[in-house]
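Content type compact mmCIF, N, CA and C atoms, from the file input11.txt:
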```
# COMPACT_ATOMS: atom_id res chain seq x y z
N MET O 1336 0.84 -1.17 0.00
CA MET O 1336 0.00 0.00 0.00
C MET O 1336 0.89 1.24 0.00
N ALA O 1337 0.61 2.18 -0.89
CA ALA O 1337 1.38 3.41 -0.97
C ALA O 1337 0.97 4.36 0.15
N THR O 1338 1.92 5.12 0.62
CA THR O 1338 1.62 6.16 1.61
C THR O 1338 2.18 7.47 1.11
N TRP O 1339 1.63 8.55 1.60
CA TRP O 1339 2.11 9.86 1.23
C TRP O 1339 1.95 10.78 2.42
N ALA O 1340 2.64 11.87 2.37
CA ALA O 1340 2.58 12.84 3.45
C ALA O 1340 1.98 14.14 2.94
N CYS O 1341 0.92 14.55 3.62
CA CYS O 1341 0.32 15.84 3.30
C CYS O 1341 0.90 16.88 4.25
N THR O 1342 1.23 18.04 3.72
CA THR O 1342 1.77 19.13 4.53
C THR O 1342 1.02 20.41 4.21
N ARG O 1343 1.04 21.35 5.16
CA ARG O 1343 0.38 22.64 4.97
C ARG O 1343 1.29 23.57 4.17
N ALA O 1344 0.66 24.36 3.33
CA ALA O 1344 1.39 25.37 2.55
C ALA O 1344 0.40 26.45 2.13
N THR O 1345 0.93 27.54 1.65
CA THR O 1345 0.11 28.64 1.14
C THR O 1345 0.00 28.52 -0.37
N VAL O 1346 -1.21 28.69 -0.87
CA VAL O 1346 -1.44 28.69 -2.31
C VAL O 1346 -2.00 30.05 -2.72
N TYR O 1347 -1.77 30.42 -3.96
CA TYR O 1347 -2.23 31.69 -4.52
C TYR O 1347 -3.08 31.42 -5.75
N SER O 1348 -4.16 32.17 -5.87
CA SER O 1348 -5.01 32.04 -7.05
C SER O 1348 -4.55 33.03 -8.12
N GLU O 1349 -4.80 32.66 -9.35
CA GLU O 1349 -4.53 33.51 -10.50
C GLU O 1349 -5.78 33.52 -11.38
N ASN O 1350 -5.92 34.55 -12.17
CA ASN O 1350 -7.01 34.64 -13.17
C ASN O 1350 -8.40 34.59 -12.54
N ARG O 1351 -8.54 35.14 -11.32
CA ARG O 1351 -9.83 35.11 -10.63
C ARG O 1351 -10.90 35.94 -11.35
N MET O 1352 -10.48 36.96 -12.04
CA MET O 1352 -11.44 37.82 -12.75
C MET O 1352 -11.60 37.41 -14.20
N ARG O 1353 -10.86 36.41 -14.65
CA ARG O 1353 -10.89 36.01 -16.06
C ARG O 1353 -11.38 34.60 -16.30
N HIS O 1354 -11.44 33.78 -15.27
CA HIS O 1354 -11.81 32.39 -15.50
C HIS O 1354 -12.91 31.95 -14.54
N LEU O 1355 -13.94 31.33 -15.07
CA LEU O 1355 -15.08 30.90 -14.28
C LEU O 1355 -14.67 30.04 -13.09
N ALA O 1356 -13.83 29.05 -13.29
CA ALA O 1356 -13.46 28.13 -12.21
C ALA O 1356 -12.72 28.83 -11.07
N ALA O 1357 -12.01 29.90 -11.38
CA ALA O 1357 -11.24 30.62 -10.36
C ALA O 1357 -12.04 31.75 -9.70
N SER O 1358 -13.20 32.05 -10.25
CA SER O 1358 -14.00 33.14 -9.68
C SER O 1358 -14.42 32.76 -8.26
N GLY O 1359 -14.30 33.69 -7.36
CA GLY O 1359 -14.66 33.44 -5.97
C GLY O 1359 -13.53 32.89 -5.11
N LEU O 1360 -12.42 32.52 -5.72
CA LEU O 1360 -11.29 32.05 -4.92
C LEU O 1360 -10.67 33.23 -4.17
N PRO O 1361 -10.20 33.01 -2.94
CA PRO O 1361 -9.45 34.09 -2.27
C PRO O 1361 -8.12 34.29 -2.98
N GLU O 1362 -7.49 35.42 -2.72
CA GLU O 1362 -6.17 35.68 -3.32
C GLU O 1362 -5.16 34.64 -2.87
N SER O 1363 -5.22 34.26 -1.59
CA SER O 1363 -4.34 33.22 -1.06
C SER O 1363 -5.04 32.54 0.12
N TRP O 1364 -4.59 31.32 0.41
CA TRP O 1364 -5.09 30.59 1.58
C TRP O 1364 -4.12 29.47 1.90
N GLU O 1365 -4.22 28.94 3.11
CA GLU O 1365 -3.42 27.79 3.53
C GLU O 1365 -4.25 26.54 3.41
N THR O 1366 -3.61 25.48 2.96
CA THR O 1366 -4.30 24.20 2.86
C THR O 1366 -3.29 23.07 3.02
N GLU O 1367 -3.79 21.90 3.28
CA GLU O 1367 -2.94 20.72 3.44
C GLU O 1367 -3.12 19.81 2.24
N GLU O 1368 -2.00 19.38 1.67
CA GLU O 1368 -2.06 18.59 0.45
C GLU O 1368 -0.75 17.84 0.27
N GLU O 1369 -0.76 16.87 -0.62
CA GLU O 1369 0.47 16.26 -1.10
C GLU O 1369 0.85 17.07 -2.33
N TRP O 1370 1.97 17.75 -2.28
CA TRP O 1370 2.34 18.74 -3.30
C TRP O 1370 3.06 18.08 -4.46
N TYR O 1371 2.32 17.73 -5.49
CA TYR O 1371 2.91 17.13 -6.68
C TYR O 1371 3.81 18.13 -7.38
N ALA O 1372 4.88 17.64 -7.96
CA ALA O 1372 5.75 18.45 -8.81
C ALA O 1372 5.71 17.85 -10.22
N PHE O 1373 5.94 18.69 -11.20
CA PHE O 1373 5.85 18.28 -12.60
C PHE O 1373 7.16 18.57 -13.30
N ASP O 1374 7.40 17.89 -14.41
CA ASP O 1374 8.65 18.06 -15.15
C ASP O 1374 8.82 19.47 -15.68
N TYR O 1375 7.72 20.15 -15.96
CA TYR O 1375 7.74 21.52 -16.47
C TYR O 1375 6.45 22.19 -16.04
N SER O 1376 6.47 23.51 -16.04
CA SER O 1376 5.24 24.23 -15.73
C SER O 1376 4.33 24.23 -16.95
N PRO O 1377 3.07 23.88 -16.79
CA PRO O 1377 2.15 23.91 -17.93
C PRO O 1377 1.96 25.33 -18.48
N ARG O 1378 2.34 26.32 -17.69
CA ARG O 1378 2.29 27.71 -18.18
C ARG O 1378 3.16 27.87 -19.42
N THR O 1379 4.29 27.15 -19.48
CA THR O 1379 5.22 27.27 -20.60
C THR O 1379 4.64 26.70 -21.89
N ARG O 1380 3.55 25.95 -21.78
CA ARG O 1380 2.92 25.36 -22.97
C ARG O 1380 1.52 25.94 -23.22
N GLY O 1381 1.28 27.13 -22.66
CA GLY O 1381 0.06 27.85 -22.97
C GLY O 1381 -1.13 27.61 -22.06
N SER O 1382 -0.97 26.86 -20.99
CA SER O 1382 -2.08 26.63 -20.08
C SER O 1382 -2.37 27.89 -19.26
N THR O 1383 -3.61 28.03 -18.83
CA THR O 1383 -4.02 29.11 -17.94
C THR O 1383 -3.94 28.59 -16.52
N ILE O 1384 -3.08 29.19 -15.72
CA ILE O 1384 -2.88 28.75 -14.34
C ILE O 1384 -3.95 29.40 -13.46
N LEU O 1385 -4.58 28.58 -12.61
CA LEU O 1385 -5.60 29.09 -11.70
C LEU O 1385 -5.13 29.11 -10.25
N VAL O 1386 -4.29 28.14 -9.86
CA VAL O 1386 -3.76 28.09 -8.49
C VAL O 1386 -2.32 27.59 -8.54
N ARG O 1387 -1.47 28.23 -7.74
CA ARG O 1387 -0.08 27.78 -7.61
C ARG O 1387 0.28 27.72 -6.13
N VAL O 1388 1.23 26.86 -5.78
CA VAL O 1388 1.66 26.72 -4.40
C VAL O 1388 2.96 27.51 -4.21
N ASP O 1389 3.08 28.14 -3.06
CA ASP O 1389 4.29 28.90 -2.70
C ASP O 1389 5.25 27.94 -2.00
N GLU O 1390 6.29 27.55 -2.69
CA GLU O 1390 7.24 26.58 -2.14
C GLU O 1390 8.00 27.09 -0.92
N SER O 1391 8.01 28.40 -0.70
CA SER O 1391 8.70 28.92 0.49
C SER O 1391 7.92 28.64 1.77
N THR O 1392 6.67 28.13 1.64
CA THR O 1392 5.85 27.87 2.82
C THR O 1392 5.82 26.39 3.22
N TYR O 1393 6.58 25.56 2.52
CA TYR O 1393 6.75 24.16 2.90
C TYR O 1393 8.10 23.69 2.36
N GLU O 1394 8.49 22.48 2.67
CA GLU O 1394 9.79 21.95 2.23
C GLU O 1394 9.59 21.01 1.05
N PRO O 1395 9.82 21.49 -0.18
CA PRO O 1395 9.59 20.64 -1.35
C PRO O 1395 10.67 19.59 -1.59
N GLY O 1396 11.83 19.77 -1.00
CA GLY O 1396 12.92 18.82 -1.22
C GLY O 1396 13.29 18.72 -2.70
N LYS O 1397 13.50 17.49 -3.19
CA LYS O 1397 13.88 17.28 -4.59
C LYS O 1397 12.73 17.55 -5.56
N ALA O 1398 11.52 17.71 -5.03
CA ALA O 1398 10.35 17.95 -5.88
C ALA O 1398 10.11 19.44 -6.14
N SER O 1399 11.12 20.26 -5.91
CA SER O 1399 10.96 21.70 -6.09
C SER O 1399 10.80 22.07 -7.56
N MET O 1400 9.85 22.95 -7.82
CA MET O 1400 9.68 23.52 -9.17
C MET O 1400 10.09 24.98 -9.19
N GLY O 1401 10.48 25.51 -8.03
CA GLY O 1401 10.88 26.91 -7.96
C GLY O 1401 9.68 27.83 -7.78
N GLU O 1402 9.79 29.04 -8.30
CA GLU O 1402 8.75 30.04 -8.09
C GLU O 1402 7.46 29.76 -8.83
N ASP O 1403 7.49 28.97 -9.89
CA ASP O 1403 6.29 28.68 -10.67
C ASP O 1403 5.91 27.21 -10.47
N HIS O 1404 5.04 26.97 -9.45
CA HIS O 1404 4.63 25.61 -9.12
C HIS O 1404 3.10 25.53 -9.19
N PRO O 1405 2.54 25.39 -10.40
CA PRO O 1405 1.08 25.32 -10.56
C PRO O 1405 0.48 24.08 -9.93
N MET O 1406 -0.76 24.25 -9.43
CA MET O 1406 -1.53 23.13 -8.88
C MET O 1406 -2.84 22.93 -9.63
N VAL O 1407 -3.34 23.98 -10.26
CA VAL O 1407 -4.60 23.91 -11.00
C VAL O 1407 -4.43 24.71 -12.28
N TRP O 1408 -4.84 24.11 -13.42
CA TRP O 1408 -4.75 24.84 -14.68
C TRP O 1408 -5.77 24.33 -15.68
N THR O 1409 -5.93 25.10 -16.75
CA THR O 1409 -6.83 24.72 -17.84
C THR O 1409 -6.13 24.93 -19.16
N HIS O 1410 -6.62 24.24 -20.17
CA HIS O 1410 -6.18 24.49 -21.54
C HIS O 1410 -7.21 23.90 -22.49
N GLY O 1411 -7.10 24.27 -23.72
CA GLY O 1411 -7.99 23.73 -24.74
C GLY O 1411 -7.26 22.70 -25.58
N THR O 1412 -8.04 21.81 -26.14
CA THR O 1412 -7.50 20.84 -27.09
C THR O 1412 -8.56 20.63 -28.16
N GLY O 1413 -8.28 21.09 -29.36
CA GLY O 1413 -9.31 21.07 -30.40
C GLY O 1413 -10.47 21.95 -29.95
N LEU O 1414 -11.69 21.42 -29.98
CA LEU O 1414 -12.85 22.15 -29.46
C LEU O 1414 -13.12 21.80 -28.01
N GLY O 1415 -12.28 20.94 -27.42
CA GLY O 1415 -12.48 20.52 -26.03
C GLY O 1415 -11.78 21.40 -25.04
N ARG O 1416 -12.15 21.21 -23.79
CA ARG O 1416 -11.55 21.96 -22.68
C ARG O 1416 -11.05 20.98 -21.64
N VAL O 1417 -9.91 21.30 -21.04
CA VAL O 1417 -9.30 20.45 -20.02
C VAL O 1417 -9.12 21.26 -18.75
N PHE O 1418 -9.56 20.71 -17.64
CA PHE O 1418 -9.33 21.28 -16.31
C PHE O 1418 -8.52 20.25 -15.53
N TYR O 1419 -7.39 20.67 -14.96
CA TYR O 1419 -6.57 19.77 -14.16
C TYR O 1419 -6.39 20.35 -12.78
N SER O 1420 -6.57 19.53 -11.75
CA SER O 1420 -6.30 19.92 -10.38
C SER O 1420 -5.46 18.85 -9.71
N ALA O 1421 -4.38 19.27 -9.06
CA ALA O 1421 -3.56 18.34 -8.29
C ALA O 1421 -4.05 18.25 -6.85
N PHE O 1422 -5.14 18.93 -6.53
CA PHE O 1422 -5.75 18.80 -5.21
C PHE O 1422 -6.58 17.53 -5.15
N GLY O 1423 -6.82 17.03 -3.95
CA GLY O 1423 -7.73 15.92 -3.79
C GLY O 1423 -7.13 14.65 -3.23
N HIS O 1424 -6.04 14.74 -2.50
CA HIS O 1424 -5.41 13.55 -1.95
C HIS O 1424 -6.05 13.07 -0.66
N THR O 1425 -6.96 13.87 -0.13
CA THR O 1425 -7.73 13.45 1.04
C THR O 1425 -9.21 13.64 0.71
N ALA O 1426 -10.05 12.88 1.35
CA ALA O 1426 -11.49 13.00 1.13
C ALA O 1426 -11.99 14.39 1.52
N GLN O 1427 -11.36 15.01 2.51
CA GLN O 1427 -11.78 16.33 2.96
C GLN O 1427 -11.64 17.39 1.87
N ALA O 1428 -10.76 17.19 0.93
CA ALA O 1428 -10.56 18.18 -0.13
C ALA O 1428 -11.83 18.39 -0.95
N TYR O 1429 -12.65 17.36 -1.06
CA TYR O 1429 -13.84 17.46 -1.90
C TYR O 1429 -15.03 18.10 -1.20
N SER O 1430 -14.87 18.39 0.09
CA SER O 1430 -15.89 19.17 0.79
C SER O 1430 -15.30 20.47 1.34
N ASP O 1431 -14.08 20.79 0.92
CA ASP O 1431 -13.43 22.02 1.34
C ASP O 1431 -14.24 23.22 0.84
N PRO O 1432 -14.53 24.21 1.69
CA PRO O 1432 -15.36 25.33 1.27
C PRO O 1432 -14.74 26.22 0.18
N ILE O 1433 -13.46 26.10 -0.05
CA ILE O 1433 -12.82 26.84 -1.14
C ILE O 1433 -12.74 25.97 -2.40
N LEU O 1434 -12.29 24.73 -2.25
CA LEU O 1434 -12.07 23.87 -3.42
C LEU O 1434 -13.36 23.33 -4.04
N GLU O 1435 -14.34 23.02 -3.22
CA GLU O 1435 -15.57 22.44 -3.76
C GLU O 1435 -16.25 23.35 -4.79
N PRO O 1436 -16.45 24.65 -4.51
CA PRO O 1436 -17.05 25.51 -5.54
C PRO O 1436 -16.19 25.63 -6.80
N MET O 1437 -14.85 25.62 -6.62
CA MET O 1437 -13.97 25.68 -7.79
C MET O 1437 -14.20 24.45 -8.68
N MET O 1438 -14.29 23.27 -8.07
CA MET O 1438 -14.50 22.04 -8.84
C MET O 1438 -15.85 22.07 -9.56
N GLU O 1439 -16.89 22.55 -8.89
CA GLU O 1439 -18.21 22.64 -9.51
C GLU O 1439 -18.18 23.57 -10.72
N LYS O 1440 -17.55 24.73 -10.56
CA LYS O 1440 -17.45 25.69 -11.67
C LYS O 1440 -16.59 25.13 -12.80
N ALA O 1441 -15.59 24.34 -12.46
CA ALA O 1441 -14.74 23.73 -13.49
C ALA O 1441 -15.53 22.78 -14.38
N VAL O 1442 -16.43 22.02 -13.77
CA VAL O 1442 -17.27 21.10 -14.55
C VAL O 1442 -18.16 21.90 -15.51
N ILE O 1443 -18.74 22.99 -15.02
CA ILE O 1443 -19.56 23.85 -15.88
C ILE O 1443 -18.72 24.40 -17.02
N TRP O 1444 -17.54 24.93 -16.68
CA TRP O 1444 -16.66 25.52 -17.69
C TRP O 1444 -16.25 24.48 -18.74
N ALA O 1445 -15.84 23.31 -18.30
CA ALA O 1445 -15.36 22.28 -19.23
C ALA O 1445 -16.47 21.80 -20.15
N GLY O 1446 -17.69 21.77 -19.66
CA GLY O 1446 -18.80 21.27 -20.46
C GLY O 1446 -19.51 22.32 -21.30
N TRP O 1447 -19.13 23.57 -21.16
CA TRP O 1447 -19.80 24.65 -21.87
C TRP O 1447 -19.23 24.79 -23.27
N TYR O 1448 -20.03 24.54 -24.24
CA TYR O 1448 -19.59 24.64 -25.63
C TYR O 1448 -19.31 26.10 -25.97
N HIS O 1449 -18.16 26.39 -26.54
CA HIS O 1449 -17.67 27.77 -26.68
C HIS O 1449 -18.48 28.65 -27.61
N ARG O 1450 -19.33 28.12 -28.45
CA ARG O 1450 -20.08 28.97 -29.38
C ARG O 1450 -21.43 29.40 -28.83
N ARG O 1451 -21.76 28.95 -27.66
CA ARG O 1451 -22.98 29.39 -27.00
C ARG O 1451 -22.75 30.75 -26.37
N LYS O 1452 -23.81 31.35 -25.85
CA LYS O 1452 -23.68 32.63 -25.17
C LYS O 1452 -22.86 32.45 -23.90
N PRO O 1453 -22.09 33.48 -23.51
CA PRO O 1453 -21.32 33.38 -22.26
C PRO O 1453 -22.22 33.23 -21.04
N ILE O 1454 -21.69 32.61 -20.02
CA ILE O 1454 -22.39 32.50 -18.75
C ILE O 1454 -22.28 33.84 -18.03
N GLN O 1455 -23.38 34.36 -17.55
CA GLN O 1455 -23.37 35.60 -16.79
C GLN O 1455 -23.38 35.26 -15.29
N LEU O 1456 -22.28 35.52 -14.59
CA LEU O 1456 -22.24 35.30 -13.15
C LEU O 1456 -22.67 36.55 -12.42
N ALA O 1457 -21.95 37.60 -12.63
CA ALA O 1457 -22.27 38.92 -12.10
C ALA O 1457 -21.80 39.92 -13.13
N PRO O 1458 -22.54 40.97 -13.37
CA PRO O 1458 -22.18 41.91 -14.42
C PRO O 1458 -20.73 42.41 -14.28
N GLY O 1459 -19.97 42.24 -15.35
CA GLY O 1459 -18.62 42.78 -15.43
C GLY O 1459 -17.56 42.07 -14.60
N THR O 1460 -17.83 40.89 -14.06
CA THR O 1460 -16.84 40.27 -13.18
C THR O 1460 -16.08 39.12 -13.82
N VAL O 1461 -16.76 38.22 -14.50
CA VAL O 1461 -16.08 37.03 -14.99
C VAL O 1461 -16.48 36.76 -16.43
N GLU O 1462 -15.48 36.50 -17.24
CA GLU O 1462 -15.72 36.07 -18.61
C GLU O 1462 -15.59 34.55 -18.65
N LEU O 1463 -16.33 33.93 -19.52
CA LEU O 1463 -16.16 32.50 -19.73
C LEU O 1463 -15.16 32.34 -20.85
N GLN O 1464 -13.95 31.91 -20.54
CA GLN O 1464 -12.92 31.77 -21.57
C GLN O 1464 -13.18 30.56 -22.42
```
If you convert what's in this file into structure tokens, what do you get?
Amino acid sequence: MATWACTRATVYSENRMRHLAASGLPESWETEEEWYAFDYSPRTRGSTILVRVDESTYEPGKASMGEDHPMVWTHGTGLGRVFYSAFGHTAQAYSDPILEPMMEKAVIWAGWYHRRKPIQLAPGTVELQ
């Protein structure tokens, strides 16, 4: 059986005023997670970053990505949409008062066909990319 260690760290939201899934996220918050690291930042390949972890608030060890350590991002592929979240290593993550609404909005965003009318959340606050 595999085991992992969850540690507390500070995460920062990005694109809160531009992306449906990130709307309503606080600018920053602390949470406990297993902090995955990736071979490269998806930002370098055109993804829209929604949440990143601040590595100075925990000990990443050999899994350090430096200043750009995304945890949540989106991108398009053909006419499809992709939402990726590295959150969710504990059952509590899916009832977290910050993450749960983000996940719900992500499902709406991913399933919304781009040629339909934009979703109106609040006048002038969020565009559906």
Point-to-point distance from atom N of Phe1373 of chain O to atom N of Met1406 of chain O, Å rounded to tenths: 8.9 Å
DSSP helix (DSSP H, G or I) selection over segment 1359-1463 of chain O, as a PyMOL selection string: chain O and resi 1377-1380+1390-1392+1396-1398+1426-1430+1434-1446
Point-to-point distance from atom N of Asp1374 of chain O to atom C of Tyr1347 of chain O, Å rounded to tenths: 19.2 Å
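Atom N of Gly1381 of chain O is positioned 25.3 Å from atom C of Glu1435 of chain O.
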Best match for closeness to Ala1340 of chain O among O:Met1352, O:Ile1433, O:Glu1367, O:Ala1372, counting only N, CA and C atoms: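 Of O:Met1352, O:Ile1433, O:Glu1367, O:Ala1372, the one nearest Ala1340 of chain O is O:Glu1367, counting only N, CA and C atoms.
Minimum atom-to-atom distance to Phe1422 of chain O, evaluated using all atoms listed in the file, belongs to O:Glu1369 out of O:Ile1443, O:Glu1369, O:Pro1361, O:Thr1409.
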Sphere at (-8.9, 27.7, -22.0), radius 8 Å, counting only N, CA and C atoms: residues as a VMD selection string: chain O and resid 1381 to 1383 1408 to 1412 1415 to 1417 1463 to 1464
